[in-house]
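Undergrad: mmCIF, C-alpha atoms, file data-v9.cif:
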```cif
data_final
loop_
_atom_site.label_atom_id
_atom_site.label_comp_id
_atom_site.auth_asym_id
_atom_site.auth_seq_id
_atom_site.Cartn_x
_atom_site.Cartn_y
_atom_site.Cartn_z
CA GLN A 29 -50.17 19.00 4.72
CA ALA A 30 -48.77 18.02 8.08
CA ASN A 31 -49.57 20.56 10.77
CA LEU A 32 -46.92 19.70 13.34
CA VAL A 33 -47.57 22.62 15.64
CA GLY A 34 -51.16 23.80 15.91
CA VAL A 35 -50.39 27.47 16.56
CA GLU A 36 -54.07 28.38 16.48
CA ASP A 37 -54.68 25.91 19.33
CA VAL A 38 -52.02 27.58 21.44
CA TYR A 39 -53.22 31.14 20.96
CA ALA A 40 -56.96 30.65 20.55
CA VAL A 41 -58.70 30.90 23.90
CA ASN A 42 -62.42 30.27 23.70
CA ALA A 43 -65.09 29.16 26.16
CA SER A 44 -64.21 25.45 25.87
CA HIS A 45 -60.56 26.24 26.64
CA MET A 46 -61.62 28.17 29.70
CA TYR A 47 -63.70 25.24 30.92
CA LEU A 48 -60.68 22.99 30.47
CA VAL A 49 -58.41 25.46 32.25
CA ASN A 50 -60.85 25.83 35.16
CA THR A 51 -61.07 22.04 35.38
CA GLN A 52 -57.28 21.84 35.60
CA PHE A 53 -57.29 24.49 38.34
CA ASP A 54 -59.84 22.44 40.29
CA ILE A 55 -57.64 19.35 39.90
CA LEU A 56 -54.71 21.35 41.31
CA LYS A 57 -56.80 22.03 44.46
CA SER A 58 -58.23 18.50 44.64
CA ARG A 59 -57.97 16.28 47.67
CA GLU A 60 -56.50 13.44 45.60
CA LEU A 61 -53.60 15.62 44.50
CA ALA A 62 -53.16 16.87 48.07
CA GLU A 63 -52.93 13.27 49.26
CA ARG A 64 -50.21 12.56 46.67
CA VAL A 65 -48.30 15.60 47.99
CA VAL A 66 -48.71 14.44 51.61
CA ARG A 67 -47.32 11.01 50.72
CA ARG A 68 -44.50 12.46 48.63
CA LEU A 69 -43.32 14.93 51.29
CA LYS A 70 -44.36 12.74 54.25
CA LEU A 71 -46.27 15.71 55.66
CA HIS A 72 -48.11 13.50 58.13
CA GLN A 73 -44.74 13.23 59.92
CA HIS A 74 -43.87 16.95 59.63
CA PRO A 75 -43.88 18.89 62.93
CA VAL A 76 -46.54 21.29 61.61
CA TYR A 77 -48.95 18.38 61.17
CA ALA A 78 -47.59 15.90 63.73
CA PRO A 79 -50.08 14.97 66.43
CA GLU A 80 -49.35 16.27 69.87
CA PRO A 81 -48.65 13.57 72.47
CA ALA A 82 -51.16 15.03 74.90
CA ALA A 83 -53.94 14.69 72.32
CA ASP A 84 -53.07 11.03 71.73
CA GLU A 85 -53.07 10.32 75.47
CA GLY A 86 -56.43 12.05 75.85
CA GLU A 87 -57.86 9.90 73.06
CA ALA A 88 -56.55 6.77 74.73
CA GLN A 89 -58.06 7.81 78.05
CA GLY A 90 -61.35 8.66 76.34
CA ASN A 91 -61.49 5.21 74.80
CA GLU A 92 -60.97 3.40 78.08
CA LYS A 93 -64.02 2.67 80.18
CA SER A 94 -64.19 4.52 83.43
CA TRP A 95 -64.37 2.43 86.62
CA TRP A 96 -67.92 3.55 87.35
CA ARG A 97 -69.13 2.58 83.85
CA TYR A 98 -67.53 -0.85 84.29
CA SER A 99 -69.19 -1.22 87.69
CA LEU A 100 -72.61 -0.29 86.31
CA GLU A 101 -72.23 -2.72 83.39
CA SER A 102 -71.43 -5.58 85.77
CA VAL A 103 -74.62 -4.88 87.75
CA LEU A 104 -76.82 -3.87 84.80
CA PRO A 105 -75.71 -5.99 81.81
CA PHE A 106 -78.04 -4.26 79.32
CA LEU A 107 -75.75 -1.19 79.49
CA ALA A 108 -72.89 -3.23 78.04
CA SER A 109 -74.84 -4.05 74.88
CA ASP A 110 -75.38 -0.34 74.13
CA SER A 111 -71.72 0.50 74.02
CA ALA A 112 -69.84 -0.69 70.96
CA PRO A 113 -66.42 -2.21 71.57
CA VAL A 114 -63.53 0.12 70.84
CA GLU A 115 -61.56 -1.14 67.87
CA GLU A 116 -57.82 -0.92 68.08
CA LEU A 117 -56.19 0.34 64.89
CA THR A 118 -53.02 -1.14 63.49
CA PRO A 119 -50.06 1.21 63.03
CA GLN A 120 -50.68 1.19 59.27
CA GLU A 121 -54.34 2.13 59.77
CA LYS A 122 -53.37 4.91 62.16
CA GLU A 123 -50.85 6.24 59.65
CA GLU A 124 -53.42 6.06 56.85
CA LYS A 125 -55.96 8.00 58.96
CA ARG A 126 -53.27 10.58 59.69
CA ILE A 127 -52.44 10.88 55.98
CA GLN A 128 -56.13 11.38 55.15
CA ALA A 129 -56.51 14.07 57.84
CA VAL A 130 -53.39 15.93 56.70
CA ALA A 131 -54.49 15.62 53.04
CA ASN A 132 -57.77 17.34 53.97
CA ALA A 133 -55.84 20.15 55.69
CA VAL A 134 -53.40 20.51 52.79
CA SER A 135 -56.20 20.55 50.23
CA GLY A 136 -57.87 23.41 52.07
CA ALA A 137 -54.66 25.44 52.23
CA ILE A 138 -53.87 25.25 48.50
CA SER A 139 -54.98 28.13 46.34
CA VAL A 140 -54.67 28.51 42.57
CA SER A 141 -54.98 31.93 40.97
CA PRO A 142 -54.96 32.30 37.20
CA VAL A 143 -52.68 34.83 35.55
CA GLU A 144 -54.81 37.24 33.53
CA PHE A 145 -54.86 36.76 29.74
CA SER A 146 -52.89 33.51 29.90
CA LEU A 147 -53.23 29.81 30.59
CA VAL A 148 -50.79 30.09 33.49
CA ALA A 149 -51.66 29.91 37.17
CA ASN A 150 -49.94 30.69 40.43
CA ILE A 151 -50.05 27.95 43.04
CA SER A 152 -49.76 29.02 46.66
CA PHE A 153 -49.94 27.21 49.97
CA GLU A 154 -50.63 28.73 53.37
CA SER A 155 -48.42 27.50 56.20
CA PRO A 156 -46.72 28.96 59.27
CA ASP A 157 -43.46 27.54 57.88
CA PRO A 158 -42.39 29.46 54.72
CA ARG A 159 -40.02 26.70 53.56
CA LEU A 160 -42.78 24.14 53.90
CA ALA A 161 -45.16 26.41 51.98
CA ALA A 162 -42.69 26.63 49.08
CA ARG A 163 -42.02 22.87 49.12
CA VAL A 164 -45.73 22.04 49.11
CA ALA A 165 -46.53 24.51 46.30
CA ASN A 166 -43.73 23.06 44.17
CA ALA A 167 -44.78 19.50 45.02
CA VAL A 168 -48.36 20.28 43.96
CA ALA A 169 -47.08 21.33 40.53
CA GLN A 170 -44.84 18.25 40.25
CA GLU A 171 -47.58 15.86 41.34
CA PHE A 172 -50.03 17.53 38.94
CA ILE A 173 -47.64 16.93 36.04
CA GLU A 174 -46.95 13.34 37.11
CA ALA A 175 -50.66 12.59 37.63
CA ASP A 176 -51.41 13.98 34.16
CA LEU A 177 -48.66 11.84 32.61
CA GLU A 178 -49.90 8.77 34.49
CA ALA A 179 -53.46 9.40 33.28
CA ARG A 180 -52.26 9.75 29.69
CA LEU A 181 -50.11 6.63 30.01
CA THR A 182 -53.01 4.69 31.51
CA GLY A 183 -55.23 5.78 28.64
CA THR A 184 -52.59 4.77 26.11
CA VAL A 185 -52.10 1.38 27.78
CA ARG A 186 -55.86 0.76 27.81
CA ALA A 187 -56.14 1.72 24.14
CA THR A 188 -53.19 -0.53 23.30
CA ASP A 189 -54.72 -3.43 25.23
CA TRP A 190 -58.06 -2.94 23.49
CA LEU A 191 -56.38 -2.75 20.06
CA SER A 192 -54.34 -5.88 20.83
CA GLU A 193 -57.48 -7.79 21.83
CA ARG A 194 -59.27 -6.55 18.72
CA LEU A 195 -56.29 -7.55 16.53
CA GLU A 196 -56.28 -11.06 18.00
CA GLU A 197 -60.02 -11.28 17.39
CA LEU A 198 -59.59 -10.17 13.77
CA LYS A 199 -56.71 -12.62 13.26
CA GLY A 200 -58.96 -15.41 14.52
CA ASN A 201 -61.75 -14.32 12.16
CA LEU A 202 -59.29 -14.21 9.25
CA ARG A 203 -57.96 -17.68 10.08
CA ARG A 204 -61.49 -19.10 10.27
CA SER A 205 -62.42 -17.43 6.97
CA GLU A 206 -59.30 -18.83 5.26
CA GLU A 207 -60.08 -22.30 6.63
CA ALA A 208 -63.69 -22.02 5.37
CA LEU A 209 -62.41 -20.94 1.95
CA GLN A 210 -59.99 -23.85 1.82
CA ASP A 211 -62.76 -26.28 2.86
CA PHE A 212 -64.95 -24.87 0.08
CA ARG A 213 -62.12 -25.34 -2.48
CA ASP A 214 -61.58 -28.92 -1.33
CA ARG A 215 -65.32 -29.71 -1.49
CA GLU A 216 -65.75 -28.23 -4.94
CA ASN A 217 -62.41 -29.60 -6.26
CA LEU A 218 -61.25 -26.09 -7.11
CA VAL A 219 -57.58 -25.32 -7.66
CA SER A 220 -56.14 -21.90 -6.92
CA VAL A 221 -53.86 -20.87 -9.80
#
```
Can the structure from this file be put into structure tokens for me?

TA:
Amino acid sequence: QANLVGVEDVYAVNASHMYLVNTQFDILKSRELAERVVRRLKLHQHPVYAPEPAADEGEAQGNEKSWWRYSLESVLPFLASDSAPVEELTPQEKEEKRIQAVANAVSGAISVSPVEFSLVANISFESPDPRLAARVANAVAQEFIEADLEARLTGTVRATDWLSERLEELKGNLRRSEEALQDFRDRENLVSV
């Protein structure tokens, strides 16, 4: 008998289900999902997370050598070998670093609280901007669903690829077996009726 809807699976909550549910809750709070949300909503460009110009200028000044350090290095060259050259980042690298930093902050501000006696959870996000908090909480749910679908699709594609390779392999084996059978018939002067 075809059991199209496994009702017992929906209503039966045992220890293994709770482990699965807790795993899903952890995925909702994961850094990877937070990074997807940051990229989706472009939070690294949002005023709440945008870097302040003064901080950027201070970093730039901190990276430049002071005049006295330069003077000492010209007189005492061994000091120059101790200091590593400051690497300039490309705009893409700077943006990627910003995304990673904001993803860390977003991940820490997400909280997931299960609803008692159910497999449902409330997703909340702490932010000084209430609209942003709502957008991020909703985006977390959307990205969670999309990531789950992508993972399932990836698994299906991998299984399909593996089955296709196996099918080709079996077709090759069948062809070789048929050729060996035909060679045997020809050698033994057998006729297939």

Undergrad: If you apply the PyMOL selection byres ((chain A and resi 157-172) around 10) to this file, what residues do you get, as an NGL selection string?

TA: :A and (52 or 55-57 or 61-66 or 68-69 or 71 or 74 or 76 or 134 or 137-140 or 150-156 or 173-178)

Undergrad: As a check of understanding, name the residues that the PyMOL selection byres ((chain A and resi 148) around 12) selects in the supplied structure, as a VMD selection string.

TA: chain A and resid 46 49 to 50 52 to 53 140 to 147 149 to 151 169

Undergrad: For a test of reading the model, state the distance in Å between atom CA of A:Glu124 and atom CA of A:Arg67, rounded to one decimal.

TA: 10.0 Å

Undergrad: Report, in Å to a single decimal, how far apart atom CA of A:Glu60 and atom CA of A:Ala179 are.

TA: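 Atom CA of A:Glu60 lies 13.3 Å from atom CA of A:Ala179.
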